[in-house]
Structures are given as structure tokens and as C-alpha cells.
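Here's the structure we're looking at; comments come further down.
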Amino acid sequence: MYPESQLIEWRRELHTWPELSGQEFATTARLRGWLQAAGIRLRDYPLETGVVAEIGQGETVIALRADIDALPIHEASGVRFHSRHPGVMHACGHDLHSAVMLGAALQLQAQADTLPGRVRILFQPAEEIARGARQFIGAGVLDEVQAIFGMHNEPSLPLGTFATRSGAFYANADKFIIRVTGKGAHAAYPEQGVDSIVTASQIIQALQGLTSRSFNAFDSLVLSITRIDGGKSWNVLPGGVEFGGTARTHDLQVRADLEQRVRTLVEQFAAANGAQATLTWQPGPPVLINDPHWAGFCSDVARQAGYRVQTAELHLLGEDFAFYLQQVPGAFVSIGSASEFGLHHASFTPDEALIAPAAGYFAQLARQALQHLSARCQASLPL
Ligand SMILES: [Zn+2]
Ligand SMILES: [Zn+2]
């Protein structure tokens with residue numbers, strides 16, 4: 001067995017040297033080095049960053065996933081092992097997730113001879129920009145994988161608490177940009193132009209009415225405008241305004257309907273004012289949908305491991321693990337990290353004490369999932 005202090009040391013090293021999404025070169029080198037030193041075999045894929053390890057033998061394959069990227073935030077947590085890269089911080093706890101899956105890998109390696117199949121461990125880059133999972137899937141990391149599991153630390157939950165849910169969990173997290181083109185004019189003679197600022201403000205008001213009046217109260221849905229850019233002067237009406245924000249939903253049909261309704265509203269409000277407007281909708285990660293069977297399985301193993309198990313609330317955040325769950329069944333879970341400050345906060349300080357128990361949990365989950373799949377395969381039961 002390895003000591004808990006080893007996992008904490010690795011986590012702190014990752015924390016001290018965070019790297020932005022897609023630039024996790026040193027992180028990749030560290031992870032490779034630690035895994036190889038433990039005698040764990042690495043799989044080769046055409047990937048610039050990220051690591052894929054595999055333990056065990058046999059036909060049955062399950063995957064565990066950690067994310068490894070950091071955020072463009074200047075750390076203010078005050079911890080001794082704070083970021084030495086100014087303006088970059090592990091403020092989402094992906095350093096903890098990596099340490100958890102390293103610990104699970106070491107435990108599984110110690111029992112590799114008796115594992116009833118293979119456990120593939122994905123150390124995935126670029127989660128924060130919703131690119132890494134798609135890169136990994138494109139590279140083939142899910143080939144042969146029959147079930148996949150992953151975690152996020154949850155600052156609002158106490159240590160020792162575990163939560164997940166069946167079905168929709170994290171949101172469709174989309175971005176949109178609206179460009180209104182009017183006609184510039186002297187502010188004293190607005191009738192000589194087409195006022196893009198008034199048009200934009202009408203659209204913004206109407207969008208809030210759209211979300212509250214045109215969808216069912218149980219269609220969880222949030223639309224926020226987060227920036228407006230238009231005009232440079234006190235006495236000139238600008239020729240155009242650009243604004244944008246994010247829309248969060250938990251159903252693919254609601255998402256499609258919302259995009260269509262926003263597009264129609266934007267175009268028709270602009271037309272009514274004699275202006276033109278375009279909507280650019282950039283889909284983020286899709287709704288994360290946990291398989292009910294595997295969500296229940298994960299909770300059962302968590303109870304055995306001594307966690308207090310809860311049903312998780314719906315998240316309005318996005319999580320690119322959703323892309324894996326579109327390909328293979330599995331479940332994503334939350335583990336309490338008891339931080340006073342939340343995810344993506346410069347003072348985020350998750351409790352490291354979650355790492356060792358979570359590592360043990362994922363090793364146990366992997367073994368039991370393999371046993372379950374092997375038994376089901378032998379009995380020819382439907383998946
Ligand atoms: Zn994040
Ligand atoms: Zn995260």
C-alpha cells in the first residue's frame with residue numbers, strides 16, 4: 001500500500017504548477033512519470049496532452065476519468081503550495097480529481113492479477129473549454145469500454161458525503177452571441193438612423209419574458225446576458241451592438257426549442273425596428289445523463305465504502321463528461337470537498353482529506369463494476 005501523504009504530495013505538486021486547457025504538457029509529463037514509476041502501463045493514442053493508463057487483463061473493460069486542466073484565475077487562497085504560474089489556478093479541483101484517480105490506479109495495480117477485466121484510467125485535458133472529452137473520444141479511448149465513471153468535488157457538501165442522481169444531472173451549457181446592426185446617426189437626430197441600442201435593449205427584455213412565459217415551469221432553464229458592447233460616445237448613436245451570454249437547460253428538445261425561439265425573437269424584434277440581427281449559438285457540453293442502473297450501483301458502493309449518500313440536486317453547470325455518457329453508459333458523481341469558497345473562486349480551498357477515501361472508493365467501484373459486467377456477460381443477461 002502507498003501512504004495517503006503520497007497522494008497529497010502529488011496533488012500539491014499539480015496545484016503548484018497548474019496549466020490551462022490544452023496546454024497541460026508538464027502535467028502530462030508528471031502523470032506519466034508517476035504512473036510509469038508504479039509499473040502501470042500506458043496506452044498510446046494520438047494526443048498532445050492527457051494520459052491514458054490501463055490495468056488488468058481480459059475482455060471486460062471499464063473506464064475511470066479525471067480531468068487535469070486549470071483556469072485563468074489568479075490564486076488568492078493563501079495556501080503554502082499556491083500556484084507558481086501567475087494568473088493560472090486549479091480553482092475547480094481537477095488537481096484533486098487527478099490525485100484521486102492516481103490513488104485508484106495504484107490500488108488497482110496492487111490487485112491487477114485478480115481483476116476480472118481491465119480498468120482504463122483517463123486523465124483528460126481541456127475539460128474547462130469542453131474540448132478534452134471529444135478529443136479523447138475521437139482518439140479512440142472508449143473502444144471496448146462498457147461503462148465509465150467520473151467525479152467532481154462538491155464544495156457545498158461536507159467531507160464524507162457522496163451524491164449522484166439518475167438521468168439528467170449537469171446542464172446543456174451553451175453560449176450565444178447576438179449582433180444587432182442598425183444605422184448610426186447623431187444622437188440629436190435619431191430619426192435619421194436606426195437605433196441599435198434601443199433594439200438590443202428590447203431584445204434583452206423580451207428574452208427574459210420568453211424564458212418565463214414560453215416554457216413549462218418544470219423545464220429547468222436559465223438564460224443570462226453577461227455582456228453588452230456598443231457605442232463609444234455620448235452624442236453618437238452607434239451603428240451596431242453586440243451582446244451575449246449563456247443558456248442552461250436539462251433536455252435536448254428544450255435546448256433546441258429555446259434556440260429556435262431566441263432566433264425568431266431576435267430577428268423579428270430587429271425587423272420591427274428596421275434593424276437587422278443575427279444569433280450565433282455555440283453549443284457547450286450537452287446535458288449529462290447518468291444511466292439509472294449505474295447511478296444506483298455507484299451509490300450502493302459508496303454506502304459500502306462508508307459515505308453518507310444523498311440524491312444530488314440538478315446542476316446548472318456544464319461538464320464535458322456528458323460526451324462520454326452519450327457513447328457508453330455510466331455515471332458521474334459528486335464527492336464533498338467542504339470549501340468555504342465555491343468552484344472557480346480565487347480562494348477555493350477544497351479539503352484534501354477527500355482524496356484517499358475517494359481513491360479507495362473508485363478502486364472498489366472499478367472492481368465491482370468489472371465483476372458485475374463479467375457475471376452479466378456469463379449469464380447472457382441484457383445490458
Ligand atoms: Zn470548472
Ligand atoms: Zn471542474
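We name chains A, B, ... following the order of the C-alpha cells; residues begin at 1 in each chain, and ligands are numbered from 1 as shown.
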
- Message: Please return as a list in words the residues found within 9 Å of ligand 2, counting only C-alpha atoms and all ligand atoms.
- Response: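 With only C-alpha atoms and all ligand atoms and a cut-off of 9 Å, ligand 2 is contacted by Asp67, Ile68, Asp69, Ala70, Ala91, Cys92, Gly93, His94, His97, Glu127, Glu128, His152, Asn153, Gly318, Glu319, Leu343 and His344 of chain A.
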
Residue subset to file, keeping C-alpha atoms, as a PDB file, in the first residue's frame:
ATOM      1  CA  ASP A  67      -9.765  15.953 -15.627  1.00  0.00           C
ATOM      2  CA  ILE A  68      -6.396  17.709 -15.382  1.00  0.00           C
ATOM      3  CA  ASP A  69      -6.689  21.331 -16.573  1.00  0.00           C
ATOM      4  CA  ALA A  70      -6.697  24.586 -14.594  1.00  0.00           C
ATOM      5  CA  ALA A  91      -9.770  26.545  -8.950  1.00  0.00           C
ATOM      6  CA  CYS A  92     -12.059  23.677  -9.965  1.00  0.00           C
ATOM      7  CA  GLY A  93     -10.206  20.953  -8.051  1.00  0.00           C
ATOM      8  CA  HIS A  94      -9.035  18.992 -11.097  1.00  0.00           C
ATOM      9  CA  HIS A  97      -9.548  14.587  -9.208  1.00  0.00           C
ATOM     10  CA  GLU A 127     -12.438  19.998 -19.620  1.00  0.00           C
ATOM     11  CA  GLU A 128     -12.970  23.691 -18.882  1.00  0.00           C
ATOM     12  CA  HIS A 152     -16.378  16.176  -9.360  1.00  0.00           C
ATOM     13  CA  ASN A 153     -15.647  17.520  -5.909  1.00  0.00           C
ATOM     14  CA  GLY A 318     -21.790  22.157 -17.690  1.00  0.00           C
ATOM     15  CA  GLU A 319     -19.458  19.143 -17.518  1.00  0.00           C
ATOM     16  CA  LEU A 343     -15.653  26.312  -7.749  1.00  0.00           C
ATOM     17  CA  HIS A 344     -13.832  28.839  -9.973  1.00  0.00           C
TER      18      HIS A 344
END

| field | Test item, alpha helix (DSSP H) assignment across range 197-345 of chain A, answer as an MDAnalysis selection string | value | chainID A and resid 197:213 252:272 292:304 321:325

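Using only C-alpha atoms, the nearest neighbour of Ala76 in chain A within the list A:Ala302, A:Ala346, A:Ile197, A:Ile355 is A:Ala346.
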
From a DSSP calculation on the backbone, collect every residue of range 280-323 of chain A in strand (DSSP E or B) and output the set as a PyMOL selection string. chain A and resi 280-282+289-290+308-311

Filtering to all heavy atoms, could you give me those residues as an mmCIF file, in the first residue's frame?
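And here is the file that came out, result.cif:
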data_model
loop_
_atom_site.group_PDB
_atom_site.id
_atom_site.type_symbol
_atom_site.label_atom_id
_atom_site.label_comp_id
_atom_site.auth_asym_id
_atom_site.auth_seq_id
_atom_site.Cartn_x
_atom_site.Cartn_y
_atom_site.Cartn_z
ATOM 1 N N THR A 280 -25.753 33.797 -33.049
ATOM 2 C CA THR A 280 -24.793 32.694 -33.179
ATOM 3 C C THR A 280 -24.908 31.856 -31.915
ATOM 4 O O THR A 280 -24.681 32.362 -30.802
ATOM 5 C CB THR A 280 -23.351 33.232 -33.311
ATOM 6 O OG1 THR A 280 -23.330 34.158 -34.394
ATOM 7 C CG2 THR A 280 -22.370 32.102 -33.581
ATOM 8 N N TRP A 281 -25.288 30.612 -32.055
ATOM 9 C CA TRP A 281 -25.485 29.716 -30.902
ATOM 10 C C TRP A 281 -24.340 28.717 -30.887
ATOM 11 O O TRP A 281 -24.136 28.005 -31.863
ATOM 12 C CB TRP A 281 -26.821 28.976 -31.040
ATOM 13 C CG TRP A 281 -27.277 28.307 -29.785
ATOM 14 C CD1 TRP A 281 -26.874 27.091 -29.311
ATOM 15 C CD2 TRP A 281 -28.232 28.800 -28.845
ATOM 16 N NE1 TRP A 281 -27.522 26.805 -28.135
ATOM 17 C CE2 TRP A 281 -28.370 27.836 -27.826
ATOM 18 C CE3 TRP A 281 -28.991 29.971 -28.764
ATOM 19 C CZ2 TRP A 281 -29.228 28.001 -26.735
ATOM 20 C CZ3 TRP A 281 -29.842 30.130 -27.679
ATOM 21 C CH2 TRP A 281 -29.956 29.154 -26.680
ATOM 22 N N GLN A 282 -23.571 28.705 -29.813
ATOM 23 C CA GLN A 282 -22.422 27.793 -29.726
ATOM 24 C C GLN A 282 -22.701 26.746 -28.647
ATOM 25 O O GLN A 282 -22.588 27.038 -27.454
ATOM 26 C CB GLN A 282 -21.149 28.579 -29.394
ATOM 27 C CG GLN A 282 -20.817 29.611 -30.465
ATOM 28 C CD GLN A 282 -19.640 30.489 -30.102
ATOM 29 O OE1 GLN A 282 -19.203 30.531 -28.953
ATOM 30 N NE2 GLN A 282 -19.121 31.195 -31.080
ATOM 31 N N ILE A 289 -26.258 12.889 -18.688
ATOM 32 C CA ILE A 289 -27.332 11.961 -18.307
ATOM 33 C C ILE A 289 -26.741 10.682 -17.732
ATOM 34 O O ILE A 289 -26.091 9.896 -18.446
ATOM 35 C CB ILE A 289 -28.239 11.666 -19.513
ATOM 36 C CG1 ILE A 289 -28.882 12.981 -19.993
ATOM 37 C CG2 ILE A 289 -29.321 10.643 -19.140
ATOM 38 C CD1 ILE A 289 -29.750 12.859 -21.208
ATOM 39 N N ASN A 290 -26.931 10.508 -16.435
ATOM 40 C CA ASN A 290 -26.460 9.294 -15.767
ATOM 41 C C ASN A 290 -27.387 8.125 -16.067
ATOM 42 O O ASN A 290 -28.609 8.270 -16.030
ATOM 43 C CB ASN A 290 -26.442 9.508 -14.249
ATOM 44 C CG ASN A 290 -25.157 10.148 -13.759
ATOM 45 O OD1 ASN A 290 -24.141 10.161 -14.466
ATOM 46 N ND2 ASN A 290 -25.201 10.683 -12.552
ATOM 47 N N ARG A 308 -21.791 9.003 3.430
ATOM 48 C CA ARG A 308 -23.202 9.390 3.576
ATOM 49 C C ARG A 308 -23.700 9.687 2.162
ATOM 50 O O ARG A 308 -23.157 10.575 1.490
ATOM 51 C CB ARG A 308 -23.324 10.669 4.422
ATOM 52 C CG ARG A 308 -23.199 10.454 5.908
ATOM 53 C CD ARG A 308 -23.423 11.757 6.664
ATOM 54 N NE ARG A 308 -22.550 12.838 6.196
ATOM 55 C CZ ARG A 308 -21.260 12.954 6.541
ATOM 56 N NH1 ARG A 308 -20.708 12.081 7.367
ATOM 57 N NH2 ARG A 308 -20.528 13.950 6.070
ATOM 58 N N VAL A 309 -24.686 8.934 1.713
ATOM 59 C CA VAL A 309 -25.107 9.018 0.313
ATOM 60 C C VAL A 309 -26.391 9.826 0.194
ATOM 61 O O VAL A 309 -27.349 9.592 0.926
ATOM 62 C CB VAL A 309 -25.292 7.600 -0.269
ATOM 63 C CG1 VAL A 309 -25.837 7.661 -1.687
ATOM 64 C CG2 VAL A 309 -23.962 6.847 -0.237
ATOM 65 N N GLN A 310 -26.364 10.793 -0.711
ATOM 66 C CA GLN A 310 -27.544 11.649 -0.948
ATOM 67 C C GLN A 310 -27.921 11.601 -2.425
ATOM 68 O O GLN A 310 -27.106 11.236 -3.266
ATOM 69 C CB GLN A 310 -27.210 13.119 -0.638
ATOM 70 C CG GLN A 310 -26.763 13.382 0.758
ATOM 71 C CD GLN A 310 -26.430 14.860 0.962
ATOM 72 O OE1 GLN A 310 -26.450 15.653 0.025
ATOM 73 N NE2 GLN A 310 -26.132 15.219 2.192
ATOM 74 N N THR A 311 -29.136 12.044 -2.707
ATOM 75 C CA THR A 311 -29.513 12.276 -4.100
ATOM 76 C C THR A 311 -29.052 13.684 -4.458
ATOM 77 O O THR A 311 -29.394 14.649 -3.769
ATOM 78 C CB THR A 311 -31.042 12.182 -4.274
ATOM 79 O OG1 THR A 311 -31.437 10.880 -3.853
ATOM 80 C CG2 THR A 311 -31.434 12.391 -5.723
#

Inset, instruction - Would you please work out which residue, of A:Leu35, A:Ile178, A:Ile228, A:Ile55, is nearest to Gln109 in chain A when using only C-alpha atoms? - result: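 Among the listed residues, the smallest separation from Gln109 in chain A belongs to A:Ile55.
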
Give me the residues within 7 Å of range 137-140 of chain A as a PDB file with C-alpha atoms, in the first residue's frame, counting only C-alpha atoms and dropping any in the same chain fewer than 4 places off.
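So the final result, stored in part.pdb, reads:
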ATOM      1  CA  TYR A  45      -3.164   7.495 -28.530  1.00  0.00           C
ATOM      2  CA  PRO A  46      -2.529  10.436 -30.855  1.00  0.00           C
ATOM      3  CA  ALA A 133     -13.612  14.619 -23.819  1.00  0.00           C
TER       4      ALA A 133
END

Atom-to-atom span, CA of Ile73 in chain A and CA of His15 in chain A, Å
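Computed distance, CA of Ile73 in chain A to CA of His15 in chain A, equals 12.8 Å.
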
Review point. What is the CA of Glu267 in chain A-CA of Thr249 in chain A distance in Å, reported with one decimal?
Key: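 Separation between CA of Glu267 in chain A and CA of Thr249 in chain A: 22.2 Å.
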
What lies within 10 Å of Tyr189 in chain A using only C-alpha atoms, ignoring chain neighbours under 6 positions off, as a short mmCIF file (atom, residue, chain, number, x, y, z; two decimals) with all heavy atoms, in the first residue's frame?
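See around26.cif below for the written result:
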data_model
loop_
_atom_site.label_atom_id
_atom_site.label_comp_id
_atom_site.auth_asym_id
_atom_site.auth_seq_id
_atom_site.Cartn_x
_atom_site.Cartn_y
_atom_site.Cartn_z
N ASN A 235 -22.76 61.34 -27.84
CA ASN A 235 -23.68 62.03 -28.73
C ASN A 235 -23.80 61.38 -30.11
O ASN A 235 -24.22 62.02 -31.05
CB ASN A 235 -23.27 63.50 -28.86
CG ASN A 235 -21.86 63.65 -29.40
OD1 ASN A 235 -21.20 62.64 -29.69
ND2 ASN A 235 -21.40 64.87 -29.55
N VAL A 236 -23.36 60.12 -30.20
CA VAL A 236 -23.48 59.40 -31.47
C VAL A 236 -24.21 58.09 -31.24
O VAL A 236 -23.82 57.32 -30.34
CB VAL A 236 -22.08 59.10 -32.08
CG1 VAL A 236 -22.22 58.33 -33.40
CG2 VAL A 236 -21.28 60.37 -32.26
N LEU A 237 -25.24 57.82 -32.01
CA LEU A 237 -25.89 56.51 -31.94
C LEU A 237 -25.03 55.54 -32.76
O LEU A 237 -24.74 55.81 -33.93
CB LEU A 237 -27.30 56.57 -32.53
CG LEU A 237 -28.33 57.33 -31.70
CD1 LEU A 237 -29.63 57.47 -32.49
CD2 LEU A 237 -28.58 56.62 -30.39
#

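Using only C-alpha atoms and all ligand atoms, the nearest neighbour of ligand 1 within the list A:Leu20, A:Val254, A:Ile62, A:Ile177 is A:Leu20.
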
Just want the 10 Å neighbourhood of Val145 in chain A, counted on only C-alpha atoms, with same-chain residues fewer than 6 positions away dropped. Output as a ChimeraX atom specification. /A:59-63,118-120,327-329

Quick one: everything within 10 Å of Val198 in chain A, counting only C-alpha atoms, minus sequence neighbours fewer than 2 positions away in the same chain. Send it as a PyMOL selection string.
chain A and resi 182+194-196+200-204+237+241+270+273

Dump of N, CA, C and O atoms for the selected residues, as a compact mmCIF listing (two decimals), in the first residue's frame:
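New file part-v8.txt:
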# COMPACT_ATOMS: atom_id res chain seq x y z
N GLY A 182 -27.82 48.39 -36.85
CA GLY A 182 -28.78 49.46 -37.14
C GLY A 182 -28.15 50.44 -38.11
O GLY A 182 -27.46 50.03 -39.06
N VAL A 194 -31.03 54.13 -37.37
CA VAL A 194 -31.82 53.02 -36.80
C VAL A 194 -31.13 52.67 -35.49
O VAL A 194 -29.94 52.30 -35.49
N ASP A 195 -31.84 52.84 -34.39
CA ASP A 195 -31.20 52.77 -33.07
C ASP A 195 -30.94 51.33 -32.62
O ASP A 195 -31.85 50.62 -32.19
N SER A 196 -29.69 50.93 -32.72
CA SER A 196 -29.35 49.55 -32.36
C SER A 196 -29.35 49.35 -30.85
O SER A 196 -29.56 48.23 -30.36
N ALA A 200 -31.45 46.49 -29.11
CA ALA A 200 -30.79 45.48 -28.27
C ALA A 200 -31.46 45.40 -26.90
O ALA A 200 -31.70 44.32 -26.36
N SER A 201 -31.82 46.58 -26.35
CA SER A 201 -32.42 46.54 -25.01
C SER A 201 -33.80 45.91 -25.05
O SER A 201 -34.19 45.19 -24.13
N GLN A 202 -34.55 46.14 -26.15
CA GLN A 202 -35.85 45.48 -26.28
C GLN A 202 -35.68 43.96 -26.36
O GLN A 202 -36.44 43.19 -25.77
N ILE A 203 -34.67 43.53 -27.10
CA ILE A 203 -34.43 42.08 -27.25
C ILE A 203 -34.09 41.48 -25.89
O ILE A 203 -34.60 40.42 -25.50
N ILE A 204 -33.23 42.16 -25.13
CA ILE A 204 -32.81 41.62 -23.82
C ILE A 204 -34.01 41.49 -22.89
O ILE A 204 -34.19 40.46 -22.22
N LEU A 237 -25.24 57.82 -32.01
CA LEU A 237 -25.89 56.51 -31.94
C LEU A 237 -25.03 55.54 -32.76
O LEU A 237 -24.74 55.81 -33.93
N VAL A 241 -24.67 46.92 -32.12
CA VAL A 241 -24.45 46.47 -30.74
C VAL A 241 -24.25 44.97 -30.77
O VAL A 241 -24.93 44.26 -31.51
N ALA A 270 -35.69 42.91 -34.31
CA ALA A 270 -34.83 43.76 -35.14
C ALA A 270 -35.63 44.28 -36.34
O ALA A 270 -35.62 45.48 -36.63
N ASN A 273 -37.92 47.13 -35.80
CA ASN A 273 -37.26 48.42 -35.61
C ASN A 273 -36.51 48.88 -36.85
O ASN A 273 -35.78 49.87 -36.81

Quick one: everything within 9 Å of Gly87 in chain A, counting only C-alpha atoms, minus sequence neighbours fewer than 6 positions away in the same chain. Send it as an MDAnalysis selection string.
chainID A and resid 71:75

Those residues you just picked out, can you put them in a file as a PDB file, in the first residue's frame with all heavy atoms?
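Produced file part-v6.pdb, reproduced below:
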ATOM      1  N   LEU A  71      -7.557  26.862 -14.544  1.00  0.00           N
ATOM      2  CA  LEU A  71      -8.354  28.001 -15.020  1.00  0.00           C
ATOM      3  C   LEU A  71      -7.533  29.294 -15.067  1.00  0.00           C
ATOM      4  O   LEU A  71      -6.580  29.453 -14.296  1.00  0.00           O
ATOM      5  CB  LEU A  71      -9.527  28.214 -14.060  1.00  0.00           C
ATOM      6  CG  LEU A  71     -10.648  27.184 -14.173  1.00  0.00           C
ATOM      7  CD1 LEU A  71     -11.436  27.102 -12.873  1.00  0.00           C
ATOM      8  CD2 LEU A  71     -11.573  27.531 -15.334  1.00  0.00           C
ATOM      9  N   PRO A  72      -7.945  30.246 -15.909  1.00  0.00           N
ATOM     10  CA  PRO A  72      -7.255  31.548 -15.944  1.00  0.00           C
ATOM     11  C   PRO A  72      -7.700  32.446 -14.787  1.00  0.00           C
ATOM     12  O   PRO A  72      -8.392  33.436 -14.977  1.00  0.00           O
ATOM     13  CB  PRO A  72      -7.674  32.116 -17.308  1.00  0.00           C
ATOM     14  CG  PRO A  72      -8.984  31.467 -17.607  1.00  0.00           C
ATOM     15  CD  PRO A  72      -8.961  30.112 -16.953  1.00  0.00           C
ATOM     16  N   ILE A  73      -7.322  32.071 -13.568  1.00  0.00           N
ATOM     17  CA  ILE A  73      -7.689  32.797 -12.345  1.00  0.00           C
ATOM     18  C   ILE A  73      -6.408  32.982 -11.545  1.00  0.00           C
ATOM     19  O   ILE A  73      -5.592  32.061 -11.454  1.00  0.00           O
ATOM     20  CB  ILE A  73      -8.715  31.963 -11.526  1.00  0.00           C
ATOM     21  CG1 ILE A  73     -10.064  31.894 -12.260  1.00  0.00           C
ATOM     22  CG2 ILE A  73      -8.888  32.523 -10.116  1.00  0.00           C
ATOM     23  CD1 ILE A  73     -11.084  30.974 -11.607  1.00  0.00           C
ATOM     24  N   HIS A  74      -6.227  34.167 -10.960  1.00  0.00           N
ATOM     25  CA  HIS A  74      -5.046  34.413 -10.136  1.00  0.00           C
ATOM     26  C   HIS A  74      -5.350  33.966  -8.707  1.00  0.00           C
ATOM     27  O   HIS A  74      -6.241  34.490  -8.056  1.00  0.00           O
ATOM     28  CB  HIS A  74      -4.645  35.887 -10.187  1.00  0.00           C
ATOM     29  CG  HIS A  74      -3.287  36.121  -9.612  1.00  0.00           C
ATOM     30  ND1 HIS A  74      -2.124  35.880 -10.331  1.00  0.00           N
ATOM     31  CD2 HIS A  74      -2.896  36.524  -8.373  1.00  0.00           C
ATOM     32  CE1 HIS A  74      -1.082  36.134  -9.564  1.00  0.00           C
ATOM     33  NE2 HIS A  74      -1.522  36.526  -8.376  1.00  0.00           N
ATOM     34  N   GLU A  75      -4.581  33.022  -8.213  1.00  0.00           N
ATOM     35  CA  GLU A  75      -4.922  32.378  -6.938  1.00  0.00           C
ATOM     36  C   GLU A  75      -4.820  33.350  -5.753  1.00  0.00           C
ATOM     37  O   GLU A  75      -3.871  34.121  -5.639  1.00  0.00           O
ATOM     38  CB  GLU A  75      -3.999  31.170  -6.694  1.00  0.00           C
ATOM     39  CG  GLU A  75      -4.316  30.467  -5.377  1.00  0.00           C
ATOM     40  CD  GLU A  75      -3.864  29.006  -5.347  1.00  0.00           C
ATOM     41  OE1 GLU A  75      -3.162  28.572  -6.283  1.00  0.00           O
ATOM     42  OE2 GLU A  75      -4.218  28.311  -4.380  1.00  0.00           O
TER      43      GLU A  75
END

Counting only C-alpha atoms, closest pick from A:Gly239, A:Gly330, A:Gly39, A:Gly78 relative to Ser347 in chain A is A:Gly78

Would you mind telling me which residue in A:Arg255, A:Glu154, A:Phe169, A:Ala312 lies nearest to ligand 1 when using only C-alpha atoms and all ligand atoms?
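Checking each candidate against ligand 1, we get A:Glu154 as the closest.
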
Restricting to only C-alpha atoms and all ligand atoms, whichever of A:Pro3, A:Gly342, A:Pro350, A:Gly117 is closest to ligand 1 is A:Gly342
